[in-house]
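Asks: final-v2.cif is reproduced in full below (mmCIF, C-alpha atoms).
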data_target
#
loop_
_atom_site.group_PDB
_atom_site.id
_atom_site.type_symbol
_atom_site.label_atom_id
_atom_site.label_comp_id
_atom_site.auth_asym_id
_atom_site.auth_seq_id
_atom_site.Cartn_x
_atom_site.Cartn_y
_atom_site.Cartn_z
ATOM 1 C CA MET A 1343 -16.936 -83.197 50.252
ATOM 2 C CA THR A 1344 -14.017 -81.301 48.781
ATOM 3 C CA GLU A 1345 -11.915 -83.072 46.215
ATOM 4 C CA LEU A 1346 -8.166 -82.695 46.606
ATOM 5 C CA LYS A 1347 -6.344 -81.014 43.737
ATOM 6 C CA PRO A 1348 -2.562 -80.973 43.428
ATOM 7 C CA ILE A 1349 -0.943 -77.514 43.506
ATOM 8 C CA GLY A 1350 2.504 -78.860 42.650
ATOM 9 C CA ILE A 1351 4.816 -81.885 42.637
ATOM 10 C CA ILE A 1352 7.478 -82.882 45.163
ATOM 11 C CA HIS A 1353 10.760 -84.230 43.794
ATOM 12 C CA SER A 1354 13.162 -86.303 45.896
ATOM 13 C CA PRO A 1355 15.839 -88.989 45.527
ATOM 14 C CA PHE A 1356 13.323 -91.660 46.616
ATOM 15 C CA LYS A 1357 11.862 -93.512 43.649
ATOM 16 C CA ASP A 1358 10.638 -96.515 45.599
ATOM 17 C CA LEU A 1359 8.529 -96.996 48.751
ATOM 18 C CA ASN A 1360 11.181 -99.373 50.092
ATOM 19 C CA ASP A 1361 14.290 -98.199 51.907
ATOM 20 C CA MET A 1362 13.107 -94.632 52.449
ATOM 21 C CA PRO A 1363 13.838 -92.510 55.507
ATOM 22 C CA ILE A 1364 11.124 -92.481 58.159
ATOM 23 C CA GLN A 1365 10.186 -88.877 58.849
ATOM 24 C CA PRO A 1366 12.348 -85.788 58.104
ATOM 25 C CA ALA A 1367 14.408 -86.615 61.224
ATOM 26 C CA GLY A 1368 15.641 -89.674 59.316
ATOM 27 C CA ALA A 1369 16.420 -87.591 56.242
ATOM 28 C CA ILE A 1370 18.671 -84.846 57.593
ATOM 29 C CA GLY A 1371 20.512 -83.238 54.676
ATOM 30 C CA VAL A 1372 18.496 -85.057 52.006
ATOM 31 C CA LYS A 1373 17.685 -82.486 49.342
ATOM 32 C CA GLY A 1374 14.614 -82.215 47.190
ATOM 33 C CA THR A 1375 12.533 -79.666 45.341
ATOM 34 C CA VAL A 1376 8.914 -78.593 45.334
ATOM 35 C CA GLU A 1377 7.653 -77.515 41.939
ATOM 36 C CA VAL A 1378 4.615 -75.286 42.484
ATOM 37 C CA PHE A 1379 2.289 -74.999 39.489
ATOM 38 C CA GLU A 1380 2.433 -71.601 37.801
ATOM 39 C CA GLU A 1381 -1.134 -70.555 38.652
ATOM 40 C CA TYR A 1382 -0.158 -70.602 42.364
ATOM 41 C CA HIS A 1383 3.210 -68.777 42.160
ATOM 42 C CA ASP A 1384 1.771 -65.494 43.493
ATOM 43 C CA GLY A 1385 0.880 -67.275 46.750
ATOM 44 C CA LEU A 1386 4.589 -67.915 47.465
ATOM 45 C CA LYS A 1387 5.297 -64.239 48.229
ATOM 46 C CA ASP A 1388 6.855 -63.774 51.710
ATOM 47 C CA LEU A 1389 7.435 -67.525 52.138
ATOM 48 C CA ASP A 1390 11.212 -67.108 51.753
ATOM 49 C CA GLY A 1391 11.295 -65.456 55.184
ATOM 50 C CA PHE A 1392 10.606 -68.840 56.781
ATOM 51 C CA SER A 1393 13.365 -71.378 57.405
ATOM 52 C CA HIS A 1394 10.919 -74.278 57.833
ATOM 53 C CA ILE A 1395 7.621 -75.099 56.166
ATOM 54 C CA ILE A 1396 4.881 -77.677 56.593
ATOM 55 C CA LEU A 1397 4.127 -79.656 53.452
ATOM 56 C CA LEU A 1398 0.792 -81.434 53.145
ATOM 57 C CA TYR A 1399 0.736 -83.970 50.352
ATOM 58 C CA HIS A 1400 -1.211 -86.874 48.928
ATOM 59 C CA PHE A 1401 0.034 -90.374 49.788
ATOM 60 C CA HIS A 1402 -0.737 -91.199 46.160
ATOM 61 C CA ARG A 1403 0.725 -94.698 46.264
ATOM 62 C CA SER A 1404 -1.341 -95.736 49.295
ATOM 63 C CA GLN A 1405 -4.575 -97.564 48.552
ATOM 64 C CA GLY A 1406 -7.053 -98.367 51.327
ATOM 65 C CA PHE A 1407 -6.266 -98.559 55.028
ATOM 66 C CA LYS A 1408 -6.328 -100.831 58.069
ATOM 67 C CA LEU A 1409 -7.210 -99.603 61.557
ATOM 68 C CA HIS A 1410 -4.386 -101.639 63.134
ATOM 69 C CA VAL A 1411 -0.859 -101.460 61.710
ATOM 70 C CA VAL A 1412 2.640 -102.526 62.694
ATOM 71 C CA PRO A 1413 4.572 -99.255 62.219
ATOM 72 C CA PHE A 1414 8.162 -99.110 60.942
ATOM 73 C CA LEU A 1415 9.455 -98.124 64.359
ATOM 74 C CA ASP A 1416 7.801 -100.982 66.226
ATOM 75 C CA SER A 1417 7.104 -104.714 66.139
ATOM 76 C CA GLU A 1418 3.663 -104.505 67.755
ATOM 77 C CA SER A 1419 0.325 -103.723 66.195
ATOM 78 C CA ARG A 1420 -0.849 -100.171 66.971
ATOM 79 C CA GLY A 1421 -3.985 -98.159 66.327
ATOM 80 C CA LEU A 1422 -3.645 -96.392 62.971
ATOM 81 C CA PHE A 1423 -4.227 -92.911 64.426
ATOM 82 C CA ALA A 1424 -1.399 -93.466 66.932
ATOM 83 C CA THR A 1425 0.987 -93.921 63.965
ATOM 84 C CA ARG A 1426 2.139 -91.957 60.931
ATOM 85 C CA ALA A 1427 1.542 -94.872 58.544
ATOM 86 C CA PRO A 1428 0.572 -93.728 55.021
ATOM 87 C CA LYS A 1429 -2.550 -95.861 54.495
ATOM 88 C CA ARG A 1430 -5.243 -93.707 56.145
ATOM 89 C CA PRO A 1431 -8.946 -92.946 55.510
ATOM 90 C CA ASN A 1432 -7.775 -89.577 54.156
ATOM 91 C CA PRO A 1433 -4.288 -90.328 52.781
ATOM 92 C CA ILE A 1434 -2.717 -86.967 53.625
ATOM 93 C CA GLY A 1435 0.966 -86.803 54.585
ATOM 94 C CA LEU A 1436 2.619 -84.069 56.633
ATOM 95 C CA SER A 1437 6.329 -83.231 56.766
ATOM 96 C CA VAL A 1438 8.158 -80.302 58.323
ATOM 97 C CA VAL A 1439 11.103 -79.545 56.006
ATOM 98 C CA GLN A 1440 13.828 -76.926 55.800
ATOM 99 C CA LEU A 1441 13.379 -74.273 53.104
ATOM 100 C CA ASP A 1442 16.633 -73.108 51.516
ATOM 101 C CA GLN A 1443 15.576 -71.066 48.492
ATOM 102 C CA ILE A 1444 12.689 -70.167 46.206
ATOM 103 C CA GLU A 1445 13.213 -69.340 42.534
ATOM 104 C CA ASN A 1446 10.626 -69.280 39.741
ATOM 105 C CA GLY A 1447 8.134 -71.253 41.790
ATOM 106 C CA VAL A 1448 10.633 -73.993 42.670
ATOM 107 C CA LEU A 1449 11.424 -74.501 46.361
ATOM 108 C CA GLN A 1450 14.796 -76.004 47.317
ATOM 109 C CA ILE A 1451 14.178 -78.043 50.473
ATOM 110 C CA GLN A 1452 16.126 -80.265 52.888
ATOM 111 C CA ASN A 1453 15.275 -83.138 55.236
ATOM 112 C CA VAL A 1454 12.963 -84.702 52.660
ATOM 113 C CA ASP A 1455 11.283 -88.010 53.546
ATOM 114 C CA ILE A 1456 8.811 -87.904 50.660
ATOM 115 C CA LEU A 1457 8.490 -90.141 47.610
ATOM 116 C CA ASP A 1458 9.517 -88.605 44.268
ATOM 117 C CA GLY A 1459 6.509 -87.446 42.247
ATOM 118 C CA THR A 1460 4.232 -86.916 45.256
ATOM 119 C CA PRO A 1461 1.360 -84.455 44.618
ATOM 120 C CA LEU A 1462 1.596 -81.353 46.810
ATOM 121 C CA LEU A 1463 -1.638 -80.205 48.497
ATOM 122 C CA ASP A 1464 -0.610 -77.267 50.676
ATOM 123 C CA ILE A 1465 2.320 -75.290 52.050
ATOM 124 C CA LYS A 1466 2.046 -73.627 55.467
ATOM 125 C CA PRO A 1467 4.721 -71.642 57.314
ATOM 126 C CA PHE A 1468 6.106 -73.517 60.326
ATOM 127 C CA VAL A 1469 5.816 -71.381 63.463
ATOM 128 C CA PRO A 1470 7.034 -72.814 66.792
ATOM 129 C CA GLU A 1471 4.395 -70.919 68.798
ATOM 130 C CA PHE A 1472 1.671 -72.568 66.711
ATOM 131 C CA ASP A 1473 3.102 -75.976 65.935
ATOM 132 C CA ALA A 1474 5.663 -77.074 68.494
ATOM 133 C CA GLN A 1475 5.114 -78.605 71.906
ATOM 134 C CA MET A 1476 8.198 -79.722 73.782
ATOM 135 C CA LYS A 1477 6.792 -81.042 77.065
ATOM 136 C CA VAL A 1478 5.004 -84.091 75.783
ATOM 137 C CA ARG A 1479 4.246 -87.755 76.301
ATOM 138 C CA THR A 1480 4.640 -89.877 73.169
ATOM 139 C CA GLY A 1481 3.281 -93.289 74.145
ATOM 140 C CA TRP A 1482 4.706 -96.251 72.213
ATOM 141 C CA LEU A 1483 7.093 -93.898 70.394
ATOM 142 C CA GLU A 1484 8.746 -92.717 73.619
ATOM 143 C CA THR A 1485 11.862 -94.815 72.984
ATOM 144 C CA ALA A 1486 11.569 -95.479 69.264
ATOM 145 C CA ARG A 1487 11.364 -91.822 68.221
ATOM 146 C CA LYS A 1488 14.997 -91.360 69.223
ATOM 147 C CA THR A 1489 16.140 -94.094 66.820
ATOM 148 C CA VAL A 1490 14.305 -92.758 63.776
ATOM 149 C CA ALA A 1491 17.472 -91.383 62.174
ATOM 150 C CA ASP A 1492 18.862 -94.910 61.809
ATOM 151 C CA ARG A 1493 15.783 -96.666 60.479
ATOM 152 C CA LYS A 1494 14.443 -97.130 56.969
ATOM 153 C CA SER A 1495 11.097 -98.083 55.477
ATOM 154 C CA ASP A 1496 10.390 -101.549 54.087
ATOM 155 C CA ASP A 1497 7.619 -103.002 51.964
ATOM 156 C CA ARG A 1498 4.913 -103.269 54.607
ATOM 157 C CA PHE A 1499 2.756 -100.411 53.262
ATOM 158 C CA GLU A 1500 3.003 -101.221 49.555
ATOM 159 C CA MET B 929 -7.818 -87.213 42.856
ATOM 160 C CA THR B 930 -8.908 -88.455 46.269
ATOM 161 C CA GLU B 931 -12.101 -87.058 47.716
ATOM 162 C CA LEU B 932 -11.951 -86.107 51.383
ATOM 163 C CA LYS B 933 -14.308 -87.970 53.696
ATOM 164 C CA PRO B 934 -14.949 -86.901 57.310
ATOM 165 C CA ILE B 935 -13.947 -89.445 59.964
ATOM 166 C CA GLY B 936 -15.521 -87.448 62.794
ATOM 167 C CA ILE B 937 -16.687 -84.040 63.975
ATOM 168 C CA ILE B 938 -14.857 -81.480 66.126
ATOM 169 C CA HIS B 939 -16.890 -79.687 68.802
ATOM 170 C CA SER B 940 -15.780 -76.407 70.362
ATOM 171 C CA PRO B 941 -17.231 -73.292 72.010
ATOM 172 C CA PHE B 942 -16.786 -71.359 68.745
ATOM 173 C CA LYS B 943 -20.043 -71.133 66.780
ATOM 174 C CA ASP B 944 -19.037 -68.211 64.608
ATOM 175 C CA LEU B 945 -16.004 -67.418 62.420
ATOM 176 C CA ASN B 946 -15.726 -64.028 64.108
ATOM 177 C CA ASP B 947 -13.943 -63.496 67.411
ATOM 178 C CA MET B 948 -12.200 -66.882 67.451
ATOM 179 C CA PRO B 949 -8.719 -67.508 68.793
ATOM 180 C CA ILE B 950 -5.949 -67.533 66.208
ATOM 181 C CA GLN B 951 -4.073 -70.809 66.504
ATOM 182 C CA PRO B 952 -4.013 -73.130 69.565
ATOM 183 C CA ALA B 953 -1.520 -70.725 71.193
ATOM 184 C CA GLY B 954 -4.381 -68.226 71.377
ATOM 185 C CA ALA B 955 -6.720 -70.830 72.858
ATOM 186 C CA ILE B 956 -4.788 -72.150 75.845
ATOM 187 C CA GLY B 957 -7.196 -73.933 78.167
ATOM 188 C CA VAL B 958 -10.118 -73.815 75.713
ATOM 189 C CA LYS B 959 -11.753 -77.251 75.831
ATOM 190 C CA GLY B 960 -13.408 -79.154 73.056
ATOM 191 C CA THR B 961 -14.168 -82.697 71.949
ATOM 192 C CA VAL B 962 -13.483 -84.788 68.892
ATOM 193 C CA GLU B 963 -16.240 -87.259 68.095
ATOM 194 C CA VAL B 964 -14.743 -90.024 65.958
ATOM 195 C CA PHE B 965 -17.255 -92.005 63.898
ATOM 196 C CA GLU B 966 -17.790 -95.541 65.168
ATOM 197 C CA GLU B 967 -16.326 -97.314 62.140
ATOM 198 C CA TYR B 968 -12.916 -95.737 62.978
ATOM 199 C CA HIS B 969 -12.861 -96.360 66.759
ATOM 200 C CA ASP B 970 -10.442 -99.302 66.464
ATOM 201 C CA GLY B 971 -7.839 -96.952 64.995
ATOM 202 C CA LEU B 972 -7.721 -94.964 68.272
ATOM 203 C CA LYS B 973 -5.908 -97.758 70.135
ATOM 204 C CA ASP B 974 -2.617 -96.535 71.712
ATOM 205 C CA LEU B 975 -3.445 -92.880 71.023
ATOM 206 C CA ASP B 976 -4.026 -92.185 74.737
ATOM 207 C CA GLY B 977 -0.263 -92.521 75.299
ATOM 208 C CA PHE B 978 0.247 -89.205 73.524
ATOM 209 C CA SER B 979 -0.228 -85.849 75.279
ATOM 210 C CA HIS B 980 -0.499 -83.905 72.012
ATOM 211 C CA ILE B 981 -2.030 -84.749 68.656
ATOM 212 C CA ILE B 982 -2.185 -83.192 65.222
ATOM 213 C CA LEU B 983 -5.706 -82.691 63.893
ATOM 214 C CA LEU B 984 -6.240 -82.258 60.169
ATOM 215 C CA TYR B 985 -9.670 -80.944 59.333
ATOM 216 C CA HIS B 986 -11.736 -79.430 56.547
ATOM 217 C CA PHE B 987 -12.151 -75.640 56.572
ATOM 218 C CA HIS B 988 -15.767 -76.352 55.621
ATOM 219 C CA ARG B 989 -16.914 -72.730 55.836
ATOM 220 C CA SER B 990 -14.176 -71.483 53.500
ATOM 221 C CA GLN B 991 -15.139 -71.129 49.858
ATOM 222 C CA GLY B 992 -12.548 -70.252 47.236
ATOM 223 C CA PHE B 993 -9.188 -68.618 47.854
ATOM 224 C CA LYS B 994 -7.033 -65.620 46.998
ATOM 225 C CA LEU B 995 -3.269 -65.827 46.525
ATOM 226 C CA HIS B 996 -2.677 -62.615 48.506
ATOM 227 C CA VAL B 997 -4.308 -62.133 51.910
ATOM 228 C CA VAL B 998 -4.046 -59.768 54.852
ATOM 229 C CA PRO B 999 -3.645 -62.234 57.747
ATOM 230 C CA PHE B 1000 -5.146 -61.655 61.210
ATOM 231 C CA LEU B 1001 -1.717 -61.004 62.687
ATOM 232 C CA ASP B 1002 -0.700 -58.371 60.161
ATOM 233 C CA SER B 1003 -1.911 -55.305 58.299
ATOM 234 C CA GLU B 1004 0.005 -56.009 55.092
ATOM 235 C CA SER B 1005 -0.895 -58.266 52.222
ATOM 236 C CA ARG B 1006 1.068 -61.554 52.268
ATOM 237 C CA GLY B 1007 1.405 -64.547 49.968
ATOM 238 C CA LEU B 1008 -1.258 -67.109 50.922
ATOM 239 C CA PHE B 1009 1.278 -69.918 51.487
ATOM 240 C CA ALA B 1010 3.196 -67.701 53.935
ATOM 241 C CA THR B 1011 0.026 -67.519 56.077
ATOM 242 C CA ARG B 1012 -2.333 -69.907 57.859
ATOM 243 C CA ALA B 1013 -5.449 -68.292 56.375
ATOM 244 C CA PRO B 1014 -8.333 -70.787 55.893
ATOM 245 C CA LYS B 1015 -9.205 -70.038 52.249
ATOM 246 C CA ARG B 1016 -6.723 -72.242 50.396
ATOM 247 C CA PRO B 1017 -6.709 -74.290 47.164
ATOM 248 C CA ASN B 1018 -7.027 -77.384 49.388
ATOM 249 C CA PRO B 1019 -8.901 -76.060 52.467
ATOM 250 C CA ILE B 1020 -7.200 -78.289 55.039
ATOM 251 C CA GLY B 1021 -6.592 -76.969 58.549
ATOM 252 C CA LEU B 1022 -3.944 -78.190 60.974
ATOM 253 C CA SER B 1023 -3.901 -77.733 64.762
ATOM 254 C CA VAL B 1024 -1.681 -79.266 67.426
ATOM 255 C CA VAL B 1025 -3.923 -79.750 70.492
ATOM 256 C CA GLN B 1026 -3.531 -81.292 73.927
ATOM 257 C CA LEU B 1027 -5.213 -84.688 74.405
ATOM 258 C CA ASP B 1028 -6.638 -85.218 77.888
ATOM 259 C CA GLN B 1029 -8.778 -88.353 77.606
ATOM 260 C CA ILE B 1030 -10.379 -90.823 75.204
ATOM 261 C CA GLU B 1031 -13.643 -92.606 76.030
ATOM 262 C CA ASN B 1032 -16.030 -94.365 73.638
ATOM 263 C CA GLY B 1033 -14.460 -92.725 70.623
ATOM 264 C CA VAL B 1034 -14.712 -89.221 72.065
ATOM 265 C CA LEU B 1035 -11.469 -87.306 72.601
ATOM 266 C CA GLN B 1036 -11.372 -84.584 75.248
ATOM 267 C CA ILE B 1037 -8.955 -81.931 73.969
ATOM 268 C CA GLN B 1038 -7.571 -78.550 75.031
ATOM 269 C CA ASN B 1039 -6.176 -75.476 73.258
ATOM 270 C CA VAL B 1040 -8.870 -75.683 70.597
ATOM 271 C CA ASP B 1041 -8.922 -72.969 67.919
ATOM 272 C CA ILE B 1042 -11.379 -74.781 65.663
ATOM 273 C CA LEU B 1043 -14.941 -73.886 64.665
ATOM 274 C CA ASP B 1044 -17.703 -76.033 66.186
ATOM 275 C CA GLY B 1045 -18.954 -78.677 63.753
ATOM 276 C CA THR B 1046 -15.747 -78.879 61.734
ATOM 277 C CA PRO B 1047 -15.304 -82.177 59.843
ATOM 278 C CA LEU B 1048 -12.272 -84.171 61.040
ATOM 279 C CA LEU B 1049 -10.015 -85.638 58.342
ATOM 280 C CA ASP B 1050 -7.129 -87.222 60.247
ATOM 281 C CA ILE B 1051 -5.486 -87.623 63.635
ATOM 282 C CA LYS B 1052 -1.704 -88.052 63.876
ATOM 283 C CA PRO B 1053 0.401 -88.381 67.027
ATOM 284 C CA PHE B 1054 2.526 -85.292 67.692
ATOM 285 C CA VAL B 1055 6.190 -86.254 68.065
ATOM 286 C CA PRO B 1056 8.784 -83.489 68.684
ATOM 287 C CA GLU B 1057 11.524 -85.361 66.783
ATOM 288 C CA PHE B 1058 9.273 -85.441 63.711
ATOM 289 C CA ASP B 1059 7.341 -82.217 63.950
ATOM 290 C CA ALA B 1060 9.183 -79.574 65.949
ATOM 291 C CA GLN B 1061 11.972 -77.264 64.882
ATOM 292 C CA MET B 1062 13.103 -74.660 67.385
ATOM 293 C CA LYS B 1063 15.920 -72.861 65.564
ATOM 294 C CA VAL B 1064 13.912 -71.142 62.903
ATOM 295 C CA ARG B 1065 13.313 -67.952 60.981
ATOM 296 C CA THR B 1066 9.649 -66.963 60.709
ATOM 297 C CA GLY B 1067 9.616 -64.030 58.304
ATOM 298 C CA TRP B 1068 6.734 -61.589 58.703
ATOM 299 C CA LEU B 1069 5.533 -63.524 61.753
ATOM 300 C CA GLU B 1070 8.798 -62.983 63.660
ATOM 301 C CA THR B 1071 7.245 -60.353 65.933
ATOM 302 C CA ALA B 1072 3.544 -61.064 65.484
ATOM 303 C CA ARG B 1073 3.756 -64.742 66.489
ATOM 304 C CA LYS B 1074 4.490 -63.686 70.057
ATOM 305 C CA THR B 1075 1.250 -61.687 70.289
ATOM 306 C CA VAL B 1076 -1.025 -64.464 69.027
ATOM 307 C CA ALA B 1077 -2.404 -65.199 72.490
ATOM 308 C CA ASP B 1078 -3.988 -61.743 72.666
ATOM 309 C CA ARG B 1079 -5.496 -61.597 69.184
ATOM 310 C CA LYS B 1080 -8.844 -62.754 67.814
ATOM 311 C CA SER B 1081 -10.248 -63.440 64.378
ATOM 312 C CA ASP B 1082 -12.588 -61.042 62.584
ATOM 313 C CA ASP B 1083 -14.799 -61.323 59.519
ATOM 314 C CA ARG B 1084 -12.116 -61.083 56.850
ATOM 315 C CA PHE B 1085 -12.280 -64.740 55.809
ATOM 316 C CA GLU B 1086 -16.059 -65.178 55.820
#
Please rewrite the model in this file as structure tokens.
Replies:
Amino acid sequence: MTELKPIGIIHSPFKDLNDMPIQPAGAIGVKGTVEVFEEYHDGLKDLDGFSHIILLYHFHRSQGFKLHVVPFLDSESRGLFATRAPKRPNPIGLSVVQLDQIENGVLQIQNVDILDGTPLLDIKPFVPEFDAQMKVRTGWLETARKTVADRKSDDRFE
Amino acid sequence: MTELKPIGIIHSPFKDLNDMPIQPAGAIGVKGTVEVFEEYHDGLKDLDGFSHIILLYHFHRSQGFKLHVVPFLDSESRGLFATRAPKRPNPIGLSVVQLDQIENGVLQIQNVDILDGTPLLDIKPFVPEFDAQMKVRTGWLETARKTVADRKSDDRFE
């Protein structure tokens, strides 16, 4: 099947898997940059019209996976696919971040919950009609999702 | 870099790249199933608490890419990363679908805009606090995104 190839590198203040924000909602105002490799610069045309973008990236520090995990926001073991834990069969991360500016193939972004040096796989425009559902049930996260801004990662997925 | 491996197969009424809905918003009520391979069934625990899930999948019928494309919702050429076109450097698709039921590793889903037989790469729970932004700018899609329900694909990405 297709092999993933990085199209850029994500830079952030987070040099260590410990003590990171959990999700962009826990990283409001945290600034970072996305350095898109030169051969892909032409594909960034029109992107500056969007205030928010979806980044897909490689969880490059995650090796292997377990089908049951205790997520950061819980103390109980949960099915892997009911969590956003980084160790997955296909270790692809997804974050919706704010896009402030694009210059010379470098994107200035905010609300960054991504490890410094993470390989970028794709950028997609965030469009509420496509990507947002507001009337939802969120299972075990129903209470915990509201506390995400105050929580940090620890060493459980190293 | 990591090679993608399918963890299941997505089934839908769409057997052909032509005449498909564009995005889940254009496929309201369209039903499909996700068949998760048996070795991953344990990872589905707790997922049934969520009404909406994010599917990541392989655009397996898309070969190659161009950095400028004329998207389905427009008549002008746009930068690839400002569109959701399937031919991308890493051909990974993303859809937020409604989850109705899980039984024996088969997920019954709705609002399916995905080609029948598409290889599944990942399932993540959809959580508004993580994934939804409502105060946004959406560039060239500002008007077109509201017409997505009435539009269909054609042969431009075959």
Asks: Using all atoms listed in the file for the distances, tell me which of A:His1400, A:Lys1494, A:His1353, A:Arg1479 is nearest to chain B.
Replies: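 Nearest to chain B: A:Arg1479.
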Asks: Run through the PyMOL selection byres ((chain B) within 7 of (chain A)) on the given coordinates and return the selected residues as a PyMOL selection string.
Replies: chain B and resi 929-933+951-953+970-975+977-980+995-996+1006-1012+1018+1024+1049-1053+1055-1062+1064-1068+1073
Asks: Counting only C-alpha atoms, figure out which residue out of A:Asp1455, A:Asp1358, A:Asp1416, A:Glu1500 gets nearest to Gly1371 in chain A.
Replies: A:Asp1455
Asks: Could you check how far CA of Tyr1399 in chain A sits from CA of Asn1039 in chain B, in Å to one decimal?
Replies: 25.4 Å
Asks: Suppose you want the space between CA of Asp1458 in chain A and CA of Thr1485 in chain A; what is it in Å?
Replies: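 Answer for the CA of Asp1458 in chain A to CA of Thr1485 in chain A separation: 29.5 Å.
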Asks: Neighbouring residues of Val1448 in chain A were defined as those with any atom within 8 Å, considering all atoms listed in the file; residues of the same chain fewer than 4 positions away were excluded. Please report them as a PyMOL selection string.
Replies: chain A and resi 1375-1378+1444
Asks: Please measure the separation of CA of Asp1497 in chain A and CA of Asp1361 in chain A, giving the value in Å to one decimal.
Replies: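 Spanning CA of Asp1497 in chain A to CA of Asp1361 in chain A is a straight-line distance of 8.2 Å.
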Asks: Can you list, as a list in words, every protein, DNA or RNA residue that comes within 10 Å of Val1372 in chain A when you count all atoms listed in the file, leaving out same-chain residues fewer than 6 positions away?
Replies: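 Residues near the query, excluding close chain neighbours: Ser1354, Pro1355, Phe1356, Pro1363, Pro1366, Ile1451, Gln1452, Asn1453, Val1454 and Asp1455 of chain A.
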